[in-house]
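Participant: Please find one structure pasted underneath; my questions will follow.
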Amino acid sequence: MGNQLRFRKLPLARHTLVPALLVAVVVTAIVASRPAGAPDGPPDSAYISVAELPEAVPEPRSGPDAATGSWTVECGRNERGHYNTDNVVTSPGLVGGAHHTHDYVGNTTTDARSTDASLATAPTTCTGGTDRSAYFWPVLRRLDREGADAESHGGGRHGNTGEILVPSAVRIEYRGNPLARVLPLPAGLRMITGDPVAATTTDENVRAQWGCSNRPGRFTTKYPRCPEGSDLTRTLTFPSCWNGLHPDSDGHRAHIVHPAASGLCPPATFPVPRLRITLAYDLPDGAPFAVDSFPEQRRDPRTDHAMYVGALPDRAREEMADCVNESRHCRG
């Protein structure tokens, strides 16, 4: 895909035109309402000192049937520069539907037009070439540097100013369940974690976990100011209680939900391996930063979120479940 954002025209059906026009009106109104000379970044209240990070929450206690293994896959840090403003999970077929820029690892072809069939035959950045899944999340930017997309859709034109940062590390890990054995992930699974509209809705779906690498296990929904020598971190933990029926659902949340803090899945759901993505960024002390968001969300840290589209062959999904159920630590 190269180092450039890809923007392509897509003929829109009549039912997609009205939402697109409404978004344009909202964007125009927000930009017009900003005072002259106002900074593009979030307010100071969106940031906290590392000293204010809460204590780490202990891991749930394991029961006799616990699946305590892990499956880790190395997919790089998006060194290839795979970015776009699409979201194939929530807006399939709609080019530019995200109105902010996504960072991708794994499948190298993921965009709005991707399908299960196209992903299954595409190249991947994941070691071994077996995992063709799409892993993606909004980019993080340094606000004191100009971005290459300052005049582009999803970038500066939608309030997402600044230079896109390449993570210093990306860790993709699937974990088991502290109370029960897990089933294999379903083929073609779609998932979302977090709430991209958290600034204007309730906190029901907020899953933002910002932290500093020198304070492992301590998370906040604000942007932490990490000390020199400590990376800024984002931990994106996906739901892992599947209804056993479908790989997707209306709204993309009902088919797979988060367990309770103890690890217990709700009735009529079954535990599957829990995907956790950890991103790290090496930022100079005091450098301003913010995540990309929809314009009306004003880059609120609570809006952090991530998406997943599964493209693992049957054998790999079964091996993953066996690994975590047998409490082994494996590499995909």
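Residue numbering restarts at 1 for every chain of the structure tokens, chains are lettered A, B, ... in their displayed order, and ligands are numbered from 1 as they appear.
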Which residues of region 102-186 of chain A come within 7 Å of region 309-320 of chain A, and what is each one's closest atom pair and distance in Å (one decimal), counting only C-alpha atoms, sorted by chain and residue number, as JSON lines?
Facilitator:
{"residue": "A:Leu119", "atom": "CA", "partner": "A:Ala311", "partner_atom": "CA", "distance": 6.5}
{"residue": "A:Ala120", "atom": "CA", "partner": "A:Ala311", "partner_atom": "CA", "distance": 5.9}
{"residue": "A:Thr130", "atom": "CA", "partner": "A:Leu312", "partner_atom": "CA", "distance": 6.8}
{"residue": "A:Asp131", "atom": "CA", "partner": "A:Leu312", "partner_atom": "CA", "distance": 5.2}
{"residue": "A:Arg132", "atom": "CA", "partner": "A:Ala311", "partner_atom": "CA", "distance": 5.0}
{"residue": "A:Ser133", "atom": "CA", "partner": "A:Ala311", "partner_atom": "CA", "distance": 4.2}
{"residue": "A:Ala134", "atom": "CA", "partner": "A:Val309", "partner_atom": "CA", "distance": 5.1}
{"residue": "A:Tyr135", "atom": "CA", "partner": "A:Val309", "partner_atom": "CA", "distance": 6.9}
{"residue": "A:Pro184", "atom": "CA", "partner": "A:Glu318", "partner_atom": "CA", "distance": 5.5}
{"residue": "A:Leu185", "atom": "CA", "partner": "A:Arg317", "partner_atom": "CA", "distance": 6.1}
Participant: Can I get the selected residues back with N, CA and C atoms, as a PDB file, in the first residue's frame?
Facilitator:
ATOM      1  N   LEU A 119      -9.343 -11.491   2.098  1.00  0.00           N
ATOM      2  CA  LEU A 119      -8.377 -11.549   3.187  1.00  0.00           C
ATOM      3  C   LEU A 119      -7.674 -12.901   3.230  1.00  0.00           C
ATOM      4  N   ALA A 120      -8.405 -13.961   2.924  1.00  0.00           N
ATOM      5  CA  ALA A 120      -7.854 -15.315   3.042  1.00  0.00           C
ATOM      6  C   ALA A 120      -6.723 -15.589   2.066  1.00  0.00           C
ATOM      7  N   THR A 130       0.773 -17.348   8.193  1.00  0.00           N
ATOM      8  CA  THR A 130      -0.486 -18.060   8.408  1.00  0.00           C
ATOM      9  C   THR A 130      -1.612 -17.137   8.844  1.00  0.00           C
ATOM     10  N   ASP A 131      -1.306 -16.201   9.734  1.00  0.00           N
ATOM     11  CA  ASP A 131      -2.335 -15.304  10.270  1.00  0.00           C
ATOM     12  C   ASP A 131      -2.538 -14.132   9.314  1.00  0.00           C
ATOM     13  N   ARG A 132      -3.644 -14.182   8.579  1.00  0.00           N
ATOM     14  CA  ARG A 132      -3.996 -13.109   7.647  1.00  0.00           C
ATOM     15  C   ARG A 132      -5.084 -12.198   8.210  1.00  0.00           C
ATOM     16  N   SER A 133      -5.274 -12.264   9.513  1.00  0.00           N
ATOM     17  CA  SER A 133      -6.282 -11.429  10.165  1.00  0.00           C
ATOM     18  C   SER A 133      -5.931  -9.952  10.039  1.00  0.00           C
ATOM     19  N   ALA A 134      -6.951  -9.108  10.140  1.00  0.00           N
ATOM     20  CA  ALA A 134      -6.763  -7.656  10.120  1.00  0.00           C
ATOM     21  C   ALA A 134      -6.869  -7.122  11.544  1.00  0.00           C
ATOM     22  N   TYR A 135      -5.811  -6.453  11.984  1.00  0.00           N
ATOM     23  CA  TYR A 135      -5.775  -5.809  13.294  1.00  0.00           C
ATOM     24  C   TYR A 135      -5.613  -4.305  13.031  1.00  0.00           C
ATOM     25  N   PRO A 184     -12.426 -22.757  20.084  1.00  0.00           N
ATOM     26  CA  PRO A 184     -11.683 -22.030  19.039  1.00  0.00           C
ATOM     27  C   PRO A 184     -12.461 -20.800  18.578  1.00  0.00           C
ATOM     28  N   LEU A 185     -11.744 -19.787  18.164  1.00  0.00           N
ATOM     29  CA  LEU A 185     -12.388 -18.617  17.571  1.00  0.00           C
ATOM     30  C   LEU A 185     -13.189 -19.046  16.342  1.00  0.00           C
TER      31      LEU A 185
END
Participant: Give me, as a tab-separated table, the closest atom pair and its distance (Å, one decimal) for every residue of region 68-176 of chain A within a cut-off of 9 Å of region 188-198 of chain A, counting only C-alpha atoms, rows sorted by chain and rising number.
Facilitator:
residue	atom	partner	partner_atom	distance
A:Val89	CA	A:Arg190	CA	6.5
A:Thr90	CA	A:Ile192	CA	8.8
A:Asp116	CA	A:Gly188	CA	6.3
A:Ser133	CA	A:Gly188	CA	8.8
Participant: Give me the residues within 7 Å of region 323-329 of chain A as a PyMOL selection string, counting only C-alpha atoms and dropping any in the same chain fewer than 3 places off.
Facilitator: chain A and resi 67-71+175-176+181-182+319-320
Participant: With N, CA and C atoms retained, could you export that selection as a PDB file, in the first residue's frame?
Facilitator:
ATOM      1  N   ALA A  67      -7.999 -22.030  31.757  1.00  0.00           N
ATOM      2  CA  ALA A  67      -7.143 -22.098  30.566  1.00  0.00           C
ATOM      3  C   ALA A  67      -6.167 -20.938  30.682  1.00  0.00           C
ATOM      4  N   THR A  68      -4.966 -21.204  31.148  1.00  0.00           N
ATOM      5  CA  THR A  68      -4.042 -20.125  31.510  1.00  0.00           C
ATOM      6  C   THR A  68      -2.907 -19.939  30.511  1.00  0.00           C
ATOM      7  N   GLY A  69      -3.009 -20.558  29.340  1.00  0.00           N
ATOM      8  CA  GLY A  69      -1.965 -20.404  28.341  1.00  0.00           C
ATOM      9  C   GLY A  69      -2.101 -19.126  27.543  1.00  0.00           C
ATOM     10  N   SER A  70      -1.219 -18.965  26.571  1.00  0.00           N
ATOM     11  CA  SER A  70      -1.246 -17.786  25.703  1.00  0.00           C
ATOM     12  C   SER A  70      -0.731 -18.150  24.319  1.00  0.00           C
ATOM     13  N   TRP A  71      -1.148 -17.366  23.347  1.00  0.00           N
ATOM     14  CA  TRP A  71      -0.747 -17.540  21.943  1.00  0.00           C
ATOM     15  C   TRP A  71      -0.349 -16.170  21.438  1.00  0.00           C
ATOM     16  N   ARG A 175      -5.203 -14.830  25.022  1.00  0.00           N
ATOM     17  CA  ARG A 175      -5.133 -15.470  26.334  1.00  0.00           C
ATOM     18  C   ARG A 175      -6.342 -16.380  26.552  1.00  0.00           C
ATOM     19  N   GLY A 176      -6.254 -17.206  27.582  1.00  0.00           N
ATOM     20  CA  GLY A 176      -7.333 -18.109  27.911  1.00  0.00           C
ATOM     21  C   GLY A 176      -8.350 -17.470  28.832  1.00  0.00           C
ATOM     22  N   ARG A 181     -12.241 -23.777  30.087  1.00  0.00           N
ATOM     23  CA  ARG A 181     -11.582 -24.014  28.814  1.00  0.00           C
ATOM     24  C   ARG A 181     -12.259 -23.178  27.732  1.00  0.00           C
ATOM     25  N   VAL A 182     -11.510 -22.869  26.673  1.00  0.00           N
ATOM     26  CA  VAL A 182     -12.040 -22.017  25.610  1.00  0.00           C
ATOM     27  C   VAL A 182     -12.347 -22.837  24.365  1.00  0.00           C
ATOM     28  N   GLU A 319      -5.339 -25.043  17.040  1.00  0.00           N
ATOM     29  CA  GLU A 319      -4.075 -25.103  17.774  1.00  0.00           C
ATOM     30  C   GLU A 319      -4.007 -24.022  18.846  1.00  0.00           C
ATOM     31  N   MET A 320      -4.538 -22.853  18.542  1.00  0.00           N
ATOM     32  CA  MET A 320      -4.556 -21.775  19.532  1.00  0.00           C
ATOM     33  C   MET A 320      -5.375 -22.178  20.747  1.00  0.00           C
TER      34      MET A 320
END
Participant: Assign secondary structure with DSSP using the backbone only, and return the residues of region 21-247 of chain A in strand (DSSP E or B) as an MDAnalysis selection string.
Facilitator: chainID A and resid 47:49 67:73 83:84 102:107 124 134:138 140:142 163:164 169:177 190:194 210:212 220 223:225 232:237 241:242
Participant: Can you tell me, as an MDAnalysis selection string, what residues are no more than 6 Å from region 77-79 of chain A when counting only C-alpha atoms, ignoring any on the same chain fewer than 5 positions away?
Facilitator: chainID A and resid 105 167 170
Participant: What residues in region 121-325 of chain A get the DSSP label alpha helix (DSSP H)? Please answer as a list in words.
Facilitator: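 Alpha helix (DSSP H) assignments inside region 121-325 of chain A correspond to Asp314, Arg315, Ala316, Arg317, Glu318, Glu319, Met320, Ala321, Asp322, Cys323, Val324 and Asn325 of chain A.
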Participant: What does the file look like for those residues with N, CA and C atoms, as a PDB file, in the first residue's frame?
Facilitator:
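Saved to part.pdb:
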ATOM      1  N   ASP A 314      -8.506 -23.006   9.833  1.00  0.00           N
ATOM      2  CA  ASP A 314      -9.112 -23.848  10.869  1.00  0.00           C
ATOM      3  C   ASP A 314      -8.062 -24.453  11.793  1.00  0.00           C
ATOM      4  N   ARG A 315      -7.012 -24.999  11.208  1.00  0.00           N
ATOM      5  CA  ARG A 315      -6.009 -25.682  12.014  1.00  0.00           C
ATOM      6  C   ARG A 315      -5.359 -24.733  13.019  1.00  0.00           C
ATOM      7  N   ALA A 316      -5.057 -23.501  12.598  1.00  0.00           N
ATOM      8  CA  ALA A 316      -4.420 -22.534  13.496  1.00  0.00           C
ATOM      9  C   ALA A 316      -5.361 -22.137  14.630  1.00  0.00           C
ATOM     10  N   ARG A 317      -6.640 -21.994  14.341  1.00  0.00           N
ATOM     11  CA  ARG A 317      -7.592 -21.642  15.393  1.00  0.00           C
ATOM     12  C   ARG A 317      -7.732 -22.774  16.412  1.00  0.00           C
ATOM     13  N   GLU A 318      -7.692 -24.006  15.931  1.00  0.00           N
ATOM     14  CA  GLU A 318      -7.770 -25.149  16.838  1.00  0.00           C
ATOM     15  C   GLU A 318      -6.492 -25.281  17.664  1.00  0.00           C
ATOM     16  N   GLU A 319      -5.339 -25.043  17.040  1.00  0.00           N
ATOM     17  CA  GLU A 319      -4.075 -25.103  17.774  1.00  0.00           C
ATOM     18  C   GLU A 319      -4.007 -24.022  18.846  1.00  0.00           C
ATOM     19  N   MET A 320      -4.538 -22.853  18.542  1.00  0.00           N
ATOM     20  CA  MET A 320      -4.556 -21.775  19.532  1.00  0.00           C
ATOM     21  C   MET A 320      -5.375 -22.178  20.747  1.00  0.00           C
ATOM     22  N   ALA A 321      -6.580 -22.706  20.524  1.00  0.00           N
ATOM     23  CA  ALA A 321      -7.427 -23.119  21.638  1.00  0.00           C
ATOM     24  C   ALA A 321      -6.745 -24.217  22.458  1.00  0.00           C
ATOM     25  N   ASP A 322      -6.132 -25.192  21.786  1.00  0.00           N
ATOM     26  CA  ASP A 322      -5.429 -26.265  22.498  1.00  0.00           C
ATOM     27  C   ASP A 322      -4.292 -25.697  23.348  1.00  0.00           C
ATOM     28  N   CYS A 323      -3.573 -24.748  22.797  1.00  0.00           N
ATOM     29  CA  CYS A 323      -2.430 -24.157  23.507  1.00  0.00           C
ATOM     30  C   CYS A 323      -2.866 -23.491  24.800  1.00  0.00           C
ATOM     31  N   VAL A 324      -3.880 -22.615  24.726  1.00  0.00           N
ATOM     32  CA  VAL A 324      -4.291 -21.905  25.946  1.00  0.00           C
ATOM     33  C   VAL A 324      -4.994 -22.843  26.913  1.00  0.00           C
ATOM     34  N   ASN A 325      -5.724 -23.850  26.418  1.00  0.00           N
ATOM     35  CA  ASN A 325      -6.390 -24.802  27.305  1.00  0.00           C
ATOM     36  C   ASN A 325      -5.390 -25.677  28.056  1.00  0.00           C
TER      37      ASN A 325
END
Participant: When you draw a straight line from CA of Ala112 (chain A) to CA of Pro92 (chain A), how long is it in Å?
Facilitator: 5.1 Å
Participant: Excluding region 220-226 of chain A and its own-chain neighbours fewer than 3 positions away, which residues fall within 8 Å of it when counting only C-alpha atoms? Please give them as a count of residues only.
Facilitator: 21
Participant: Give me, as a VMD selection string, all polymer residues having an atom no more than 7 Å from region 243-251 of chain A, counting only C-alpha atoms and skipping those fewer than 2 positions away in the same chain.
Facilitator: chain A and resid 186 to 190 241 253 to 256 268 to 270
Participant: Would you output that residue set with N, CA and C atoms, as an mmCIF file, in the first residue's frame?
Facilitator:
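Output file result-v6.cif follows:
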data_model
loop_
_atom_site.group_PDB
_atom_site.id
_atom_site.type_symbol
_atom_site.label_atom_id
_atom_site.label_comp_id
_atom_site.auth_asym_id
_atom_site.auth_seq_id
_atom_site.Cartn_x
_atom_site.Cartn_y
_atom_site.Cartn_z
ATOM 1 N N PRO A 186 -14.372 -18.466 16.118
ATOM 2 C CA PRO A 186 -15.120 -18.801 14.910
ATOM 3 C C PRO A 186 -14.454 -18.220 13.664
ATOM 4 N N ALA A 187 -14.623 -18.866 12.542
ATOM 5 C CA ALA A 187 -14.071 -18.362 11.279
ATOM 6 C C ALA A 187 -14.721 -17.031 10.922
ATOM 7 N N GLY A 188 -13.901 -16.092 10.425
ATOM 8 C CA GLY A 188 -14.417 -14.808 9.963
ATOM 9 C C GLY A 188 -14.935 -13.901 11.058
ATOM 10 N N LEU A 189 -14.503 -14.097 12.287
ATOM 11 C CA LEU A 189 -14.983 -13.300 13.412
ATOM 12 C C LEU A 189 -14.687 -11.815 13.215
ATOM 13 N N ARG A 190 -15.700 -10.978 13.471
ATOM 14 C CA ARG A 190 -15.541 -9.525 13.514
ATOM 15 C C ARG A 190 -15.690 -9.070 14.962
ATOM 16 N N CYS A 241 -16.514 -13.648 25.064
ATOM 17 C CA CYS A 241 -17.634 -14.542 25.381
ATOM 18 C C CYS A 241 -18.560 -14.575 24.172
ATOM 19 N N ARG A 253 -21.506 -6.057 18.237
ATOM 20 C CA ARG A 253 -21.169 -6.289 19.641
ATOM 21 C C ARG A 253 -21.968 -7.435 20.274
ATOM 22 N N ALA A 254 -23.191 -7.694 19.809
ATOM 23 C CA ALA A 254 -24.067 -8.640 20.493
ATOM 24 C C ALA A 254 -23.584 -10.082 20.405
ATOM 25 N N HIS A 255 -22.837 -10.427 19.354
ATOM 26 C CA HIS A 255 -22.416 -11.820 19.169
ATOM 27 C C HIS A 255 -21.246 -12.228 20.057
ATOM 28 N N ILE A 256 -20.505 -11.241 20.555
ATOM 29 C CA ILE A 256 -19.366 -11.534 21.438
ATOM 30 C C ILE A 256 -19.215 -10.373 22.419
ATOM 31 N N ALA A 268 -25.549 -18.301 28.048
ATOM 32 C CA ALA A 268 -25.693 -18.514 26.606
ATOM 33 C C ALA A 268 -24.509 -17.987 25.809
ATOM 34 N N THR A 269 -23.371 -17.786 26.469
ATOM 35 C CA THR A 269 -22.131 -17.445 25.769
ATOM 36 C C THR A 269 -21.033 -18.391 26.229
ATOM 37 N N PHE A 270 -19.985 -18.500 25.406
ATOM 38 C CA PHE A 270 -18.920 -19.464 25.650
ATOM 39 C C PHE A 270 -17.571 -18.768 25.513
#
Participant: Set the distance at 12 Å and use only C-alpha atoms: which residues neighbour region 60-64 of chain A once local chain neighbours fewer than 6 positions away are removed? I'd like the list as a count of residues only.
Facilitator: 14
Participant: Which of these, A:Thr200, A:Gln297, A:Thr278, A:Ser118, has the shortest distance to Gly41 (chain A) once you count only C-alpha atoms?
Facilitator: A:Gln297
Participant: CA of Val88 (chain A) and CA of Gly155 (chain A) are how many Å apart?
Facilitator: 18.6 Å
